[in-house]
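**Student:** Next comes run35.cif, mmCIF, C-alpha atoms:
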data_my_file
#
loop_
_atom_site.label_atom_id
_atom_site.label_comp_id
_atom_site.auth_asym_id
_atom_site.auth_seq_id
_atom_site.Cartn_x
_atom_site.Cartn_y
_atom_site.Cartn_z
CA ASN A 1 152.93 73.16 45.06
CA VAL A 2 154.55 76.57 44.65
CA GLN A 3 156.64 76.22 47.82
CA GLU A 4 158.08 72.90 46.68
CA GLU A 5 158.80 74.17 43.15
CA MET A 6 160.72 77.13 44.58
CA ASP A 7 162.57 74.95 47.09
CA LYS A 8 163.37 72.34 44.42
CA SER A 9 165.15 74.95 42.31
CA LEU A 10 167.05 76.24 45.32
CA ILE A 11 168.08 72.73 46.43
CA LEU A 12 169.21 71.60 42.98
CA GLU A 13 171.23 74.78 42.48
CA TRP A 14 172.84 74.33 45.91
CA ILE A 15 173.82 70.73 45.17
CA LYS A 16 175.22 71.73 41.76
CA ASN A 17 177.36 74.53 43.21
CA ASN A 18 178.53 72.97 46.49
CA ASN A 19 180.57 69.79 46.51
CA ASN A 20 179.92 69.51 50.26
CA ALA A 21 176.15 70.03 50.09
CA PHE A 22 175.55 66.64 51.74
CA LEU A 23 177.90 67.35 54.66
CA ARG A 24 177.06 69.36 57.75
CA GLU A 25 180.57 70.84 57.54
CA ASN A 26 178.83 73.18 55.08
CA THR A 27 177.66 75.55 57.78
CA VAL A 28 175.45 77.66 55.50
CA ALA A 29 173.19 74.86 54.27
CA HIS A 30 173.25 71.09 53.92
CA MET A 31 171.03 68.20 52.89
CA THR A 32 168.77 66.42 55.35
CA ALA A 33 166.12 63.74 55.00
CA SER A 34 162.87 63.34 56.91
CA ALA A 35 160.31 60.60 57.23
CA TRP A 36 156.56 61.08 57.45
CA VAL A 37 155.79 57.69 58.95
CA VAL A 38 152.26 56.30 58.80
CA ASN A 39 150.79 53.01 59.95
CA ALA A 40 149.13 50.53 57.57
CA ASP A 41 145.62 51.99 57.79
CA ARG A 42 146.97 55.57 57.73
CA SER A 43 145.25 56.42 61.01
CA LYS A 44 148.48 57.33 62.85
CA VAL A 45 151.77 59.14 62.29
CA LEU A 46 155.00 58.58 64.20
CA MET A 47 156.55 61.56 65.97
CA VAL A 48 159.51 62.16 68.28
CA TYR A 49 159.87 64.74 71.03
CA HIS A 50 162.88 66.71 69.76
CA ASN A 51 165.19 67.83 72.59
CA ILE A 52 166.60 70.94 70.87
CA TYR A 53 163.23 72.31 69.74
CA ASN A 54 161.21 71.06 72.72
CA SER A 55 158.45 69.93 70.41
CA TRP A 56 156.93 66.83 68.89
CA SER A 57 158.20 66.57 65.33
CA TRP A 58 158.70 64.26 62.38
CA LEU A 59 161.75 62.02 62.22
CA GLY A 60 164.76 63.11 60.24
CA GLY A 61 168.43 63.78 60.19
CA HIS A 62 171.55 64.94 58.40
CA ALA A 63 172.77 63.23 55.24
CA ASP A 64 176.36 63.29 56.58
CA GLY A 65 177.75 62.51 53.13
CA GLU A 66 175.10 59.95 52.16
CA THR A 67 173.45 60.87 48.85
CA ASP A 68 170.75 58.18 49.11
CA LEU A 69 168.34 60.28 51.13
CA LEU A 70 165.71 57.53 51.30
CA SER A 71 168.28 55.44 53.21
CA VAL A 72 168.89 58.39 55.53
CA ALA A 73 165.15 58.71 56.23
CA ILE A 74 164.82 54.98 56.91
CA ARG A 75 167.86 55.03 59.22
CA GLU A 76 166.28 57.83 61.24
CA VAL A 77 163.13 55.76 61.76
CA GLU A 78 165.19 52.72 62.73
CA GLU A 79 166.93 54.88 65.35
CA ALA A 80 163.48 55.23 66.97
CA GLY A 81 163.42 51.47 67.48
CA ILE A 82 161.32 50.59 64.44
CA SER A 83 162.87 47.58 62.71
CA ASN A 84 160.35 47.03 59.92
CA VAL A 85 159.95 50.26 58.00
CA LEU A 86 159.12 50.36 54.29
CA PRO A 87 158.74 53.18 51.80
CA VAL A 88 155.15 53.68 50.65
CA SER A 89 156.94 54.86 47.52
CA GLU A 90 160.60 55.46 46.75
CA ASP A 91 159.60 58.79 45.21
CA ILE A 92 160.20 62.02 47.06
CA PHE A 93 157.08 62.87 49.04
CA SER A 94 157.91 66.49 49.84
CA LEU A 95 160.70 69.08 49.65
CA GLU A 96 161.44 71.86 52.10
CA SER A 97 164.01 74.57 52.67
CA LEU A 98 164.05 74.87 56.45
CA THR A 99 165.64 77.49 58.65
CA VAL A 100 167.46 76.25 61.72
CA ASP A 101 168.01 78.74 64.52
CA GLY A 102 171.34 78.82 66.28
CA HIS A 103 171.48 76.36 69.19
CA TRP A 104 173.73 74.37 71.49
CA LYS A 105 174.34 70.69 70.68
CA ASN A 106 176.68 68.42 72.61
CA GLY A 107 178.25 71.42 74.33
CA LYS A 108 179.01 73.26 71.07
CA TYR A 109 177.24 76.22 69.51
CA VAL A 110 175.74 75.58 66.06
CA SER A 111 175.11 78.77 64.07
CA SER A 112 171.83 79.40 62.27
CA HIS A 113 171.73 77.68 58.88
CA LEU A 114 169.45 75.98 56.34
CA HIS A 115 168.41 72.38 56.00
CA PHE A 116 167.59 71.45 52.42
CA ASN A 117 165.22 68.65 53.27
CA VAL A 118 163.79 65.75 51.28
CA THR A 119 160.84 63.95 52.88
CA TYR A 120 159.76 60.38 52.19
CA LEU A 121 156.46 58.71 53.04
CA LEU A 122 157.23 55.56 55.02
CA GLU A 123 155.07 52.89 56.61
CA ALA A 124 155.66 51.04 59.88
CA ASP A 125 153.71 48.96 62.36
CA SER A 126 152.24 51.19 65.07
CA GLU A 127 152.22 48.19 67.44
CA GLU A 128 155.99 47.72 67.24
CA ALA A 129 157.92 48.88 70.30
CA VAL A 130 159.70 52.22 69.97
CA SER A 131 162.68 53.66 71.82
CA ILE A 132 164.10 57.09 72.45
CA LYS A 133 167.54 58.22 71.29
CA ALA A 134 168.45 60.20 74.40
CA ASP A 135 170.95 62.52 72.71
CA GLU A 136 168.27 63.66 70.25
CA ASN A 137 164.78 63.00 71.61
CA SER A 138 162.96 62.27 74.84
CA GLY A 139 159.83 60.65 73.43
CA VAL A 140 158.59 58.55 70.53
CA ALA A 141 154.86 58.06 69.98
CA TRP A 142 152.14 57.45 67.42
CA PHE A 143 149.39 60.06 67.06
CA ALA A 144 146.30 60.53 64.96
CA PRO A 145 147.27 63.10 62.30
CA GLU A 146 145.16 65.88 63.83
CA GLU A 147 146.58 65.07 67.27
CA ALA A 148 150.12 65.32 65.84
CA LEU A 149 149.33 68.86 64.71
CA ALA A 150 148.10 69.75 68.19
CA LYS A 151 151.18 68.20 69.88
CA SER A 152 153.73 70.22 67.91
CA THR A 153 154.69 73.53 69.50
CA GLU A 154 156.32 74.82 66.30
CA PRO A 155 153.60 76.88 64.57
CA TRP A 156 155.50 77.30 61.29
CA PHE A 157 156.01 73.55 60.96
CA VAL A 158 152.37 72.85 61.80
CA GLU A 159 151.10 75.33 59.23
CA HIS A 160 153.62 74.87 56.42
CA VAL A 161 154.96 71.34 56.74
CA TYR A 162 152.88 68.91 58.82
CA THR A 163 149.51 70.10 57.49
CA LYS A 164 150.87 69.79 53.94
CA LEU A 165 152.13 66.26 54.61
CA ILE A 166 148.82 65.16 56.10
CA GLU A 167 146.92 66.53 53.11
CA LYS A 168 149.33 64.92 50.62
CA ALA A 169 148.97 61.57 52.37
CA LYS A 170 145.17 61.84 52.28
CA GLN A 171 145.27 62.56 48.53
CA LEU A 172 147.16 59.33 47.93
CA TYR A 173 144.41 57.29 49.57
CA LEU A 174 141.17 58.88 48.42
#
Translate this file's structure into structure tokens.
**Tutor:**
Amino acid sequence: NVQEEMDKSLILEWIKNNNNAFLRENTVAHMTASAWVVNADRSKVLMVYHNIYNSWSWLGGHADGETDLLSVAIREVEEAGISNVLPVSEDIFSLESLTVDGHWKNGKYVSSHLHFNVTYLLEADSEEAVSIKADENSGVAWFAPEEALAKSTEPWFVEHVYTKLIEKAKQLYL
């Protein structure tokens, strides 16, 4: 879509011009990876309750120097206790340039910045036990896609990211 085309250009230019684009030491913008995790019959999506944003959200994290962003996305899902996670496809599912408001993390202030995010569509077993990662989230749960939209308290993400991801996933399985 238009948003992804614009963000793709921005992300590729950033990577080309910043040798530390994959490190969070770049305090202006850095690469992140997210996972839109669905179960086998696509009736549920996995979400975490994010401590900083006080909202249910997708799973994701910083690249921290790793350029294989699919591996980053999978690692983030594994941190939620899921041991058997597979890519539906190894292709990029979605791209986003995301603003991050200034916040406190681990007793330190983190200034506002951008996350240049690559999202992958992953599949996991919704019956597998999940676990929280206390320093990042206080809940991990599976929701019906529409319920996931209702659970998030971040209107911009609901409207511009999660709704898009749900629609893209539906298009793959029509």
**Student:** If the PyMOL selection byres ((chain A and resi 68) around 12) is run on the structure shown, which residues does it catch, given as a PyMOL selection string?
**Tutor:** chain A and resi 22+31-33+62-67+69-75+90-92+118+120
**Student:** Evaluate the PyMOL selection byres ((chain A and resi 50) around 10) and record the selected residues as number ranges by chain, following the chain and residue labels used in the document.
**Tutor:** A: 47-49, 51-59, 133-140, 152
**Student:** Could you write out that same residue set with C-alpha atoms as an mmCIF file, in the coordinates of the input?
**Tutor:**
data_model
loop_
_atom_site.group_PDB
_atom_site.id
_atom_site.type_symbol
_atom_site.label_atom_id
_atom_site.label_comp_id
_atom_site.auth_asym_id
_atom_site.auth_seq_id
_atom_site.Cartn_x
_atom_site.Cartn_y
_atom_site.Cartn_z
ATOM 1 C CA MET A 47 156.550 61.560 65.970
ATOM 2 C CA VAL A 48 159.510 62.160 68.280
ATOM 3 C CA TYR A 49 159.870 64.740 71.030
ATOM 4 C CA ASN A 51 165.190 67.830 72.590
ATOM 5 C CA ILE A 52 166.600 70.940 70.870
ATOM 6 C CA TYR A 53 163.230 72.310 69.740
ATOM 7 C CA ASN A 54 161.210 71.060 72.720
ATOM 8 C CA SER A 55 158.450 69.930 70.410
ATOM 9 C CA TRP A 56 156.930 66.830 68.890
ATOM 10 C CA SER A 57 158.200 66.570 65.330
ATOM 11 C CA TRP A 58 158.700 64.260 62.380
ATOM 12 C CA LEU A 59 161.750 62.020 62.220
ATOM 13 C CA LYS A 133 167.540 58.220 71.290
ATOM 14 C CA ALA A 134 168.450 60.200 74.400
ATOM 15 C CA ASP A 135 170.950 62.520 72.710
ATOM 16 C CA GLU A 136 168.270 63.660 70.250
ATOM 17 C CA ASN A 137 164.780 63.000 71.610
ATOM 18 C CA SER A 138 162.960 62.270 74.840
ATOM 19 C CA GLY A 139 159.830 60.650 73.430
ATOM 20 C CA VAL A 140 158.590 58.550 70.530
ATOM 21 C CA SER A 152 153.730 70.220 67.910
#
**Student:** Put a box with edges along x, y and z around all the listed atoms of segment 67-71 of chain A, pad it by 8 Å on each side, then give me its centre and sizes in Å, one decimal, as JSON.
**Tutor:**
{"center_x": 169.6, "center_y": 58.2, "center_z": 51.0, "size_x": 23.7, "size_y": 21.4, "size_z": 20.4}
**Student:** Between atom CA of Ser94 of chain A and atom CA of Tyr109 of chain A, what distance in Å does the model show, to one decimal?
**Tutor:** 29.2 Å
**Student:** One number please: atom CA of Thr153 of chain A to atom CA of His103 of chain A, in Å, one decimal.
**Tutor:**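 Atom CA of His103 of chain A lies at a distance of 17.0 Å from atom CA of Thr153 of chain A.
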**Student:** From the options A:Ala144, A:Val100, A:Ile15, A:Leu10, which residue's atoms come nearest to Asn39 of chain A, counting only C-alpha atoms?
**Tutor:**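 Of all the options, A:Ala144 lies closest to Asn39 of chain A.
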**Student:** Check which residues satisfy the PyMOL selection byres ((chain A and resi 121) around 7) in the file shown, then give them as number ranges by chain.
**Tutor:** A: 35-37, 87-89, 93, 119-120, 122-123
**Student:** In file coordinates, which residues lie within 12 Å of (147.7, 51.9, 56.7) using all atoms listed in the file, given as a PDB file with C-alpha atoms, in the coordinates of the input?
**Tutor:**
ATOM      1  CA  VAL A  37     155.790  57.690  58.950  1.00  0.00           C
ATOM      2  CA  VAL A  38     152.260  56.300  58.800  1.00  0.00           C
ATOM      3  CA  ASN A  39     150.790  53.010  59.950  1.00  0.00           C
ATOM      4  CA  ALA A  40     149.130  50.530  57.570  1.00  0.00           C
ATOM      5  CA  ASP A  41     145.620  51.990  57.790  1.00  0.00           C
ATOM      6  CA  ARG A  42     146.970  55.570  57.730  1.00  0.00           C
ATOM      7  CA  SER A  43     145.250  56.420  61.010  1.00  0.00           C
ATOM      8  CA  LYS A  44     148.480  57.330  62.850  1.00  0.00           C
ATOM      9  CA  VAL A  45     151.770  59.140  62.290  1.00  0.00           C
ATOM     10  CA  LEU A  86     159.120  50.360  54.290  1.00  0.00           C
ATOM     11  CA  VAL A  88     155.150  53.680  50.650  1.00  0.00           C
ATOM     12  CA  LEU A 121     156.460  58.710  53.040  1.00  0.00           C
ATOM     13  CA  LEU A 122     157.230  55.560  55.020  1.00  0.00           C
ATOM     14  CA  GLU A 123     155.070  52.890  56.610  1.00  0.00           C
ATOM     15  CA  ALA A 124     155.660  51.040  59.880  1.00  0.00           C
ATOM     16  CA  ASP A 125     153.710  48.960  62.360  1.00  0.00           C
ATOM     17  CA  SER A 126     152.240  51.190  65.070  1.00  0.00           C
ATOM     18  CA  ALA A 169     148.970  61.570  52.370  1.00  0.00           C
ATOM     19  CA  LYS A 170     145.170  61.840  52.280  1.00  0.00           C
ATOM     20  CA  LEU A 172     147.160  59.330  47.930  1.00  0.00           C
ATOM     21  CA  TYR A 173     144.410  57.290  49.570  1.00  0.00           C
TER      22      TYR A 173
END
**Student:** If you measure from atom CA of Phe143 of chain A to atom CA of Leu46 of chain A, what distance in Å do you get, rounded to one decimal?
**Tutor:**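 Separation of atom CA of Phe143 of chain A and atom CA of Leu46 of chain A: 6.5 Å.
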